[in-house]
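*Asks:* Input: one structure, supplied below.
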Amino acid sequence: MIEIQDALRKKEIWAIGGGKGGIGKSLITGNVGICLARLKKKVLLVDADLGGANLHTTLGIGVPEMTLSDFLNRRVENIQDVIIKTGVPNLSLISGAQDFLDAANPNFAQKTRLLRHLEAIDVDYILLDLGAGTSFNILDFFLFSDHGILVVLPEPTAIENAYRFIKSAFYRRFRKVVTHQGIKDLIDAAMDQKNTMGIRTPFDLIERVKQMEQEVGEILELEVLKFKPKLIVNQVRTKNDIQIGFSMKSACRKYFGIDLEYLGYVEYDDSVWQSIRSKRPLAVEYPFSRPARCIERIVHNLLRKEQLTASMLF
Amino acid sequence: MVKKIDDMNFYELLEISPAAGTQDVHRAYDRVRRIYDPNSIALYSLFTPEETARIRLRIEDAYRTLVYEESRKEYNRMLKERNELPEPEPPASKRRPVPAASAPVQRPPGPDRAEYRAAPPQTPPLDDLMAPVAPAAEPAASATTEFNGPAIKALRERAGLTIRNIADMTKIGSRYLEYIEAEHFGKLPARPYLRGFLLLYAQALGCDSERMIADYLKRYEAAKPK
Ligand SMILES: Nc1ncnc2c1ncn2[C@@H]1O[C@H](COP(=O)(O)OP(=O)(O)OP(=O)(O)O)[C@@H](O)[C@H]1O
Ligand SMILES: [Mg+2]
């Protein structure tokens, strides 16, 4: 899949994940899509949550007839056949698989076919709503994308899951760029936080790899610099909650050596569940609500390739 | 290149540029210290309590080294020898706060500002506040007025420093700093101690310590019951 990634592309693929369930991934994906579409971008949302698809719900769409599983299981050949309109101009959707039992774990060929077809679709942005967890499928979609976005809540469990997600994605990426089986094994072993080799952080791992093969270690170092996941803190209630994004950025630099870009935060607000209850998208039903405006701001940061800075806050 | 925490230099630890002014050092210290607070949930599952404690110690070291001109110069010299400090330091008079290299501040251009209205209010570029605290750059006001308690307080606030900051820098109890600013002469220690306090306080503010001590002690003497 890395090969496809290297192919020239004009559209951008963004993936929204986070490791934990119920943290607002679908809410954010759907409403980021709406904001982009309003800016006259052609957008395709893909519910890649192969286990518990519900992106259509945040868009106020009933269970669609055609879903991703029809494509994955070759009930239809052309991906165009599973793309549905959303009611928002410029915004279309591939709804998630409903018969999740066989679609939850697409094999390599199925994934490759999906990604190849996505590459060929004529839109400006493709947004992938990833499911919860850190399975290989989720990590691969995340790594394949141009921008991988992580959602967290200001609470320990969500933060822990986000770090586990980063670490898993990071090591999976390492694993893809090395060919040496011994080093692959080392990376797998290092994934276990309680490994007996004294490898705590990616730095320790790189040091160890360098001892085995200096050059490979240097390649991994380059990977560290290239890996720039993005962060959104959802359901913030206080200034301290907003601050958590900056703190995670600092902690990631010091622990992983990576640059976590803080895209922005979304405030906690009743308008979110009110919109879900009325089965209408937040950005359509309450476009001036605080969370809707927060999401708008995130979209602007994404488009400008900017991130939040502390001086913009206080 | 990629660096472990233990290999990070003090600037990297505090996440500031080597050209950062003294105010940036204070701010960065405040910021980073809060991030690596033992109770910070942003560290959850990443660092062990021992690791956090070690990082905190290094942050303290970094701060105490960079906040004083002498020790900072010495430290920079060492970094240069290790080739970790490529660009020469800009002259003090031209030094302007430089944001951390890892966080480029790009503001939206004018017309689009409206789209950011949802955002919390932005701080204006506090050039004034962040001006280096070098004696040369001292605001005119302090050259004409004397260093009494309120003037010292105003200087501190203009520098964007809290009593806590000063207490951390000088190791003077914050209560005494408050007494100094409030001119509670009766509660201040004996003259030689007070003199020492004032010296440290003046250094922390980066103002003319001799004048500050002389002015303040004059008021202290005058208020003393004969
Ligand atoms: N900013 C917010 N303010 C208030 N409630 C919110 C906010 N964000 C999310 N929620 C609540 O959290 C619920 C879960 O959101 P969402 O379905 O987007 O999460 P998810 O991460 O996609 O979940 P899953 O892992 O199950 O796919 C929403 O139904 C909503 O009620
Ligand atoms: Mg979801």
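Ligands are numbered from 1 in the order shown, chains are lettered A, B, ... in the order of the structure tokens, and residues start at 1 in each chain.
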What are the closest atom pairs, with distances in Å to one decimal, for all residues of chain A lying within 8 Å of chain B? Consider only C-alpha atoms, order rows by chain and residue number, and present the result as a Markdown table.

*Replies:*
```
| residue | atom | partner | partner_atom | distance |
| --- | --- | --- | --- | --- |
| A:Glu155 | CA | B:Ile41 | CA | 7.1 |
| A:Pro156 | CA | B:Ile41 | CA | 5.9 |
| A:Ile159 | CA | B:Ala42 | CA | 6.7 |
| A:Glu160 | CA | B:Ser45 | CA | 5.7 |
| A:Tyr163 | CA | B:Leu46 | CA | 7.3 |
| A:Phe203 | CA | B:Lys4 | CA | 6.3 |
| A:Glu221 | CA | B:Val2 | CA | 6.6 |
| A:Val224 | CA | B:Val2 | CA | 7.5 |
| A:Leu225 | CA | B:Val2 | CA | 7.6 |
| A:Ile244 | CA | B:Ala42 | CA | 5.8 |
| A:Gly245 | CA | B:Ala42 | CA | 7.9 |
| A:Ser247 | CA | B:Ile35 | CA | 5.3 |
| A:Met248 | CA | B:Ala42 | CA | 5.3 |
| A:Ser250 | CA | B:Ile35 | CA | 7.8 |
| A:Ala251 | CA | B:Leu43 | CA | 6.5 |
| A:Lys254 | CA | B:Ile5 | CA | 5.8 |
| A:Tyr255 | CA | B:Leu46 | CA | 7.4 |
| A:Gly257 | CA | B:Val2 | CA | 5.9 |
| A:Asp259 | CA | B:Ser102 | CA | 7.7 |
| A:Arg290 | CA | B:Ala118 | CA | 7.2 |
| A:Arg293 | CA | B:Ala118 | CA | 5.7 |
| A:Cys294 | CA | B:Ala118 | CA | 6.8 |
| A:Arg297 | CA | B:Tyr116 | CA | 6.5 |
| A:Glu306 | CA | B:Gln106 | CA | 7.1 |
| A:Thr309 | CA | B:Val105 | CA | 6.4 |
| A:Ser311 | CA | B:Thr123 | CA | 6.3 |
| A:Met312 | CA | B:Gln122 | CA | 4.8 |
| A:Leu313 | CA | B:Pro120 | CA | 5.7 |
| A:Phe314 | CA | B:Thr123 | CA | 6.1 |
```

*Asks:* May I have the residues from that selection written out with N, CA and C atoms, as a compact mmCIF listing (two decimals), in the first residue's frame?

*Replies:*
```txt
# COMPACT_ATOMS: atom_id res chain seq x y z
N GLU A 155 -9.73 12.98 28.89
CA GLU A 155 -9.82 12.02 30.00
C GLU A 155 -8.80 10.91 29.79
N PRO A 156 -8.30 10.36 30.89
CA PRO A 156 -7.17 9.43 30.81
C PRO A 156 -7.36 8.27 29.84
N ILE A 159 -6.94 9.32 26.28
CA ILE A 159 -5.56 9.72 26.02
C ILE A 159 -4.66 8.50 25.92
N GLU A 160 -4.89 7.56 26.82
CA GLU A 160 -4.11 6.32 26.78
C GLU A 160 -4.30 5.63 25.42
N TYR A 163 -2.41 7.39 22.63
CA TYR A 163 -0.97 7.09 22.62
C TYR A 163 -0.72 5.67 22.10
N PHE A 203 13.08 5.74 20.67
CA PHE A 203 14.51 6.04 20.65
C PHE A 203 15.33 4.81 21.00
N GLU A 221 14.91 6.70 11.59
CA GLU A 221 14.97 8.07 12.09
C GLU A 221 14.26 9.03 11.14
N VAL A 224 10.60 8.85 11.56
CA VAL A 224 10.12 9.61 12.72
C VAL A 224 9.80 11.05 12.30
N LEU A 225 10.70 11.61 11.51
CA LEU A 225 10.49 13.00 11.10
C LEU A 225 9.30 13.15 10.16
N ILE A 244 -4.72 20.50 27.15
CA ILE A 244 -4.28 19.11 27.03
C ILE A 244 -3.69 18.82 25.65
N GLY A 245 -4.24 19.47 24.63
CA GLY A 245 -3.69 19.28 23.29
C GLY A 245 -2.23 19.71 23.21
N SER A 247 -0.21 19.94 25.72
CA SER A 247 0.59 19.06 26.57
C SER A 247 0.89 17.75 25.84
N MET A 248 -0.11 17.23 25.14
CA MET A 248 0.13 15.98 24.40
C MET A 248 1.15 16.19 23.30
N SER A 250 3.64 18.26 23.39
CA SER A 250 4.96 18.28 24.03
C SER A 250 5.39 16.87 24.43
N ALA A 251 4.45 16.12 25.01
CA ALA A 251 4.79 14.77 25.46
C ALA A 251 5.17 13.88 24.28
N LYS A 254 8.66 14.60 23.20
CA LYS A 254 9.67 14.12 24.11
C LYS A 254 9.68 12.58 24.21
N TYR A 255 8.54 11.96 24.03
CA TYR A 255 8.52 10.50 24.16
C TYR A 255 8.77 9.81 22.82
N GLY A 257 9.45 11.54 19.86
CA GLY A 257 10.26 12.34 18.96
C GLY A 257 9.47 12.81 17.75
N ASP A 259 6.24 14.98 15.76
CA ASP A 259 5.55 16.25 15.78
C ASP A 259 4.05 15.98 15.68
N ARG A 290 -21.42 26.42 19.20
CA ARG A 290 -19.98 26.47 19.47
C ARG A 290 -19.25 25.28 18.87
N ARG A 293 -18.79 25.76 15.16
CA ARG A 293 -17.78 26.77 14.80
C ARG A 293 -16.37 26.28 15.10
N CYS A 294 -16.24 25.48 16.15
CA CYS A 294 -14.94 24.87 16.42
C CYS A 294 -14.51 24.00 15.25
N ARG A 297 -13.33 25.96 12.36
CA ARG A 297 -11.99 26.47 12.59
C ARG A 297 -10.95 25.39 12.32
N GLU A 306 -2.14 24.60 8.98
CA GLU A 306 -1.71 25.27 10.20
C GLU A 306 -2.12 24.45 11.40
N THR A 309 -1.86 27.47 18.03
CA THR A 309 -0.73 27.86 18.84
C THR A 309 -1.27 28.50 20.12
N SER A 311 -0.62 31.08 21.59
CA SER A 311 -0.85 32.52 21.58
C SER A 311 -2.21 32.85 20.97
N MET A 312 -2.84 31.88 20.29
CA MET A 312 -4.16 32.15 19.72
C MET A 312 -5.24 32.00 20.78
N LEU A 313 -4.86 31.54 21.95
CA LEU A 313 -5.89 31.18 22.91
C LEU A 313 -6.10 32.22 23.99
N PHE A 314 -5.02 32.66 24.59
CA PHE A 314 -5.23 33.39 25.83
C PHE A 314 -4.99 34.89 25.66
```

*Asks:* Please check which protein, DNA or RNA residues sit within 8 Å of ligand 1, counting only C-alpha atoms and all ligand atoms, and write them as a PDB file with N, CA, C and O atoms, in the first residue's frame.

*Replies:*
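Contents of result.pdb, freshly written:
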```
ATOM      1  N   GLY A  17      -9.232   8.886  13.253  1.00  0.00           N
ATOM      2  CA  GLY A  17      -9.237   7.726  14.150  1.00  0.00           C
ATOM      3  C   GLY A  17      -9.027   8.172  15.578  1.00  0.00           C
ATOM      4  O   GLY A  17      -9.207   9.341  15.911  1.00  0.00           O
ATOM      5  N   GLY A  18      -8.634   7.259  16.431  1.00  0.00           N
ATOM      6  CA  GLY A  18      -8.401   7.679  17.804  1.00  0.00           C
ATOM      7  C   GLY A  18      -8.295   6.542  18.792  1.00  0.00           C
ATOM      8  O   GLY A  18      -7.988   6.738  19.954  1.00  0.00           O
ATOM      9  N   LYS A  20     -10.220   4.944  20.612  1.00  0.00           N
ATOM     10  CA  LYS A  20     -11.302   4.667  21.555  1.00  0.00           C
ATOM     11  C   LYS A  20     -12.656   4.829  20.850  1.00  0.00           C
ATOM     12  O   LYS A  20     -12.778   5.606  19.913  1.00  0.00           O
ATOM     13  N   GLY A  21     -13.644   4.121  21.330  1.00  0.00           N
ATOM     14  CA  GLY A  21     -14.980   4.233  20.747  1.00  0.00           C
ATOM     15  C   GLY A  21     -15.772   5.365  21.379  1.00  0.00           C
ATOM     16  O   GLY A  21     -15.517   5.767  22.510  1.00  0.00           O
ATOM     17  N   GLY A  22     -16.705   5.901  20.617  1.00  0.00           N
ATOM     18  CA  GLY A  22     -17.618   6.894  21.158  1.00  0.00           C
ATOM     19  C   GLY A  22     -17.002   8.224  21.542  1.00  0.00           C
ATOM     20  O   GLY A  22     -17.440   8.879  22.476  1.00  0.00           O
ATOM     21  N   ILE A  23     -15.954   8.635  20.829  1.00  0.00           N
ATOM     22  CA  ILE A  23     -15.288   9.886  21.201  1.00  0.00           C
ATOM     23  C   ILE A  23     -15.575  11.006  20.205  1.00  0.00           C
ATOM     24  O   ILE A  23     -15.017  12.096  20.319  1.00  0.00           O
ATOM     25  N   GLY A  24     -16.411  10.742  19.225  1.00  0.00           N
ATOM     26  CA  GLY A  24     -16.765  11.817  18.300  1.00  0.00           C
ATOM     27  C   GLY A  24     -16.095  11.740  16.936  1.00  0.00           C
ATOM     28  O   GLY A  24     -16.121  12.715  16.186  1.00  0.00           O
ATOM     29  N   LYS A  25     -15.530  10.594  16.605  1.00  0.00           N
ATOM     30  CA  LYS A  25     -14.874  10.455  15.297  1.00  0.00           C
ATOM     31  C   LYS A  25     -15.871  10.693  14.167  1.00  0.00           C
ATOM     32  O   LYS A  25     -15.590  11.443  13.231  1.00  0.00           O
ATOM     33  N   SER A  26     -17.035  10.035  14.273  1.00  0.00           N
ATOM     34  CA  SER A  26     -18.021  10.160  13.186  1.00  0.00           C
ATOM     35  C   SER A  26     -18.608  11.569  13.154  1.00  0.00           C
ATOM     36  O   SER A  26     -18.795  12.147  12.084  1.00  0.00           O
ATOM     37  N   LEU A  27     -18.874  12.107  14.329  1.00  0.00           N
ATOM     38  CA  LEU A  27     -19.383  13.468  14.403  1.00  0.00           C
ATOM     39  C   LEU A  27     -18.433  14.425  13.685  1.00  0.00           C
ATOM     40  O   LEU A  27     -18.850  15.264  12.878  1.00  0.00           O
ATOM     41  N   ILE A  28     -17.162  14.301  13.980  1.00  0.00           N
ATOM     42  CA  ILE A  28     -16.172  15.213  13.405  1.00  0.00           C
ATOM     43  C   ILE A  28     -16.004  14.955  11.912  1.00  0.00           C
ATOM     44  O   ILE A  28     -15.993  15.890  11.107  1.00  0.00           O
ATOM     45  N   THR A  29     -15.918  13.690  11.526  1.00  0.00           N
ATOM     46  CA  THR A  29     -15.765  13.383  10.095  1.00  0.00           C
ATOM     47  C   THR A  29     -16.917  13.981   9.289  1.00  0.00           C
ATOM     48  O   THR A  29     -16.694  14.681   8.286  1.00  0.00           O
ATOM     49  N   ASP A  49     -15.405   2.370   9.213  1.00  0.00           N
ATOM     50  CA  ASP A  49     -15.598   1.660  10.474  1.00  0.00           C
ATOM     51  C   ASP A  49     -16.258   0.329  10.109  1.00  0.00           C
ATOM     52  O   ASP A  49     -17.466   0.226  10.007  1.00  0.00           O
ATOM     53  N   GLY A  52     -18.704  -1.118  13.158  1.00  0.00           N
ATOM     54  CA  GLY A  52     -19.895  -0.463  13.714  1.00  0.00           C
ATOM     55  C   GLY A  52     -20.218   0.814  12.982  1.00  0.00           C
ATOM     56  O   GLY A  52     -20.236   1.900  13.560  1.00  0.00           O
ATOM     57  N   ALA A  53     -20.480   0.662  11.704  1.00  0.00           N
ATOM     58  CA  ALA A  53     -20.685   1.838  10.858  1.00  0.00           C
ATOM     59  C   ALA A  53     -21.859   2.684  11.340  1.00  0.00           C
ATOM     60  O   ALA A  53     -22.947   2.170  11.561  1.00  0.00           O
ATOM     61  N   ASN A  54     -21.620   3.983  11.519  1.00  0.00           N
ATOM     62  CA  ASN A  54     -22.735   4.866  11.847  1.00  0.00           C
ATOM     63  C   ASN A  54     -22.529   6.298  11.377  1.00  0.00           C
ATOM     64  O   ASN A  54     -23.171   7.213  11.848  1.00  0.00           O
ATOM     65  N   LEU A  55     -21.626   6.446  10.416  1.00  0.00           N
ATOM     66  CA  LEU A  55     -21.390   7.792   9.889  1.00  0.00           C
ATOM     67  C   LEU A  55     -22.667   8.362   9.270  1.00  0.00           C
ATOM     68  O   LEU A  55     -22.942   9.556   9.400  1.00  0.00           O
ATOM     69  N   THR A  58     -24.747  10.438  11.721  1.00  0.00           N
ATOM     70  CA  THR A  58     -24.352  11.823  12.015  1.00  0.00           C
ATOM     71  C   THR A  58     -24.726  12.739  10.856  1.00  0.00           C
ATOM     72  O   THR A  58     -24.754  13.953  11.008  1.00  0.00           O
ATOM     73  N   ASP A 129     -13.669   7.675   7.939  1.00  0.00           N
ATOM     74  CA  ASP A 129     -14.045   7.561   9.351  1.00  0.00           C
ATOM     75  C   ASP A 129     -13.604   6.174   9.821  1.00  0.00           C
ATOM     76  O   ASP A 129     -14.178   5.165   9.420  1.00  0.00           O
ATOM     77  N   LEU A 130     -12.570   6.137  10.629  1.00  0.00           N
ATOM     78  CA  LEU A 130     -12.048   4.839  11.078  1.00  0.00           C
ATOM     79  C   LEU A 130     -12.809   4.374  12.311  1.00  0.00           C
ATOM     80  O   LEU A 130     -13.318   5.165  13.086  1.00  0.00           O
ATOM     81  N   GLY A 131     -12.845   3.093  12.479  1.00  0.00           N
ATOM     82  CA  GLY A 131     -13.501   2.563  13.676  1.00  0.00           C
ATOM     83  C   GLY A 131     -12.599   2.720  14.887  1.00  0.00           C
ATOM     84  O   GLY A 131     -11.480   3.226  14.807  1.00  0.00           O
ATOM     85  N   ALA A 132     -13.121   2.272  16.027  1.00  0.00           N
ATOM     86  CA  ALA A 132     -12.323   2.300  17.243  1.00  0.00           C
ATOM     87  C   ALA A 132     -11.302   1.167  17.190  1.00  0.00           C
ATOM     88  O   ALA A 132     -11.450   0.221  16.432  1.00  0.00           O
ATOM     89  N   VAL A 151      -8.561  11.748  17.340  1.00  0.00           N
ATOM     90  CA  VAL A 151      -9.504  12.440  18.220  1.00  0.00           C
ATOM     91  C   VAL A 151      -9.290  11.912  19.635  1.00  0.00           C
ATOM     92  O   VAL A 151      -9.128  10.711  19.830  1.00  0.00           O
ATOM     93  N   ASN A 234     -11.762  16.646  21.614  1.00  0.00           N
ATOM     94  CA  ASN A 234     -13.216  16.816  21.548  1.00  0.00           C
ATOM     95  C   ASN A 234     -13.798  16.912  22.956  1.00  0.00           C
ATOM     96  O   ASN A 234     -13.185  16.482  23.926  1.00  0.00           O
ATOM     97  N   GLN A 235     -14.986  17.485  23.019  1.00  0.00           N
ATOM     98  CA  GLN A 235     -15.731  17.614  24.274  1.00  0.00           C
ATOM     99  C   GLN A 235     -14.966  18.400  25.330  1.00  0.00           C
ATOM    100  O   GLN A 235     -14.892  17.993  26.487  1.00  0.00           O
ATOM    101  N   VAL A 236     -14.373  19.517  24.945  1.00  0.00           N
ATOM    102  CA  VAL A 236     -13.671  20.314  25.943  1.00  0.00           C
ATOM    103  C   VAL A 236     -14.691  21.171  26.696  1.00  0.00           C
ATOM    104  O   VAL A 236     -15.675  21.640  26.132  1.00  0.00           O
ATOM    105  N   VAL A 266     -12.928  20.791  19.971  1.00  0.00           N
ATOM    106  CA  VAL A 266     -14.370  20.953  19.780  1.00  0.00           C
ATOM    107  C   VAL A 266     -15.021  21.026  21.155  1.00  0.00           C
ATOM    108  O   VAL A 266     -14.801  20.144  21.993  1.00  0.00           O
ATOM    109  N   GLU A 267     -15.767  22.058  21.378  1.00  0.00           N
ATOM    110  CA  GLU A 267     -16.381  22.228  22.692  1.00  0.00           C
ATOM    111  C   GLU A 267     -17.507  21.234  22.918  1.00  0.00           C
ATOM    112  O   GLU A 267     -18.175  20.801  21.980  1.00  0.00           O
ATOM    113  N   TYR A 268     -17.702  20.880  24.171  1.00  0.00           N
ATOM    114  CA  TYR A 268     -18.814  20.031  24.554  1.00  0.00           C
ATOM    115  C   TYR A 268     -20.064  20.896  24.555  1.00  0.00           C
ATOM    116  O   TYR A 268     -20.063  22.001  25.080  1.00  0.00           O
ATOM    117  N   ASP A 269     -21.121  20.416  23.950  1.00  0.00           N
ATOM    118  CA  ASP A 269     -22.329  21.230  23.922  1.00  0.00           C
ATOM    119  C   ASP A 269     -23.550  20.353  23.652  1.00  0.00           C
ATOM    120  O   ASP A 269     -23.480  19.383  22.902  1.00  0.00           O
ATOM    121  N   ASP A 270     -24.667  20.741  24.257  1.00  0.00           N
ATOM    122  CA  ASP A 270     -25.909  19.989  24.075  1.00  0.00           C
ATOM    123  C   ASP A 270     -26.386  19.977  22.628  1.00  0.00           C
ATOM    124  O   ASP A 270     -27.118  19.083  22.217  1.00  0.00           O
ATOM    125  N   SER A 271     -25.966  20.975  21.870  1.00  0.00           N
ATOM    126  CA  SER A 271     -26.414  21.027  20.479  1.00  0.00           C
ATOM    127  C   SER A 271     -26.024  19.749  19.732  1.00  0.00           C
ATOM    128  O   SER A 271     -26.697  19.365  18.774  1.00  0.00           O
ATOM    129  N   VAL A 272     -24.955  19.081  20.192  1.00  0.00           N
ATOM    130  CA  VAL A 272     -24.523  17.867  19.495  1.00  0.00           C
ATOM    131  C   VAL A 272     -25.586  16.781  19.606  1.00  0.00           C
ATOM    132  O   VAL A 272     -26.047  16.233  18.601  1.00  0.00           O
ATOM    133  N   TRP A 273     -25.990  16.483  20.837  1.00  0.00           N
ATOM    134  CA  TRP A 273     -26.991  15.404  20.918  1.00  0.00           C
ATOM    135  C   TRP A 273     -28.360  15.843  20.452  1.00  0.00           C
ATOM    136  O   TRP A 273     -29.147  15.062  19.950  1.00  0.00           O
ATOM    137  N   ILE A 276     -28.234  15.141  16.866  1.00  0.00           N
ATOM    138  CA  ILE A 276     -28.302  13.704  16.595  1.00  0.00           C
ATOM    139  C   ILE A 276     -29.724  13.198  16.807  1.00  0.00           C
ATOM    140  O   ILE A 276     -30.243  12.397  16.038  1.00  0.00           O
ATOM    141  N   PRO A 291     -19.759  24.044  19.031  1.00  0.00           N
ATOM    142  CA  PRO A 291     -19.003  22.940  18.414  1.00  0.00           C
ATOM    143  C   PRO A 291     -18.926  23.058  16.891  1.00  0.00           C
ATOM    144  O   PRO A 291     -17.881  22.738  16.307  1.00  0.00           O
TER     145      PRO A 291
END
```

*Asks:* Pick from A:Asp81, A:Asp140, A:Glu261, A:Glu65: nearest to A:Ala15, with only C-alpha atoms counted?

*Replies:*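 Answer, going by the shortest atom-to-atom distance: A:Asp140.
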
*Asks:* Could you jot down the atom CA of A:Gly148 to atom CA of A:Ile232 separation for me, Å, one decimal place?

*Replies:*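 It comes out at 10.9 Å.
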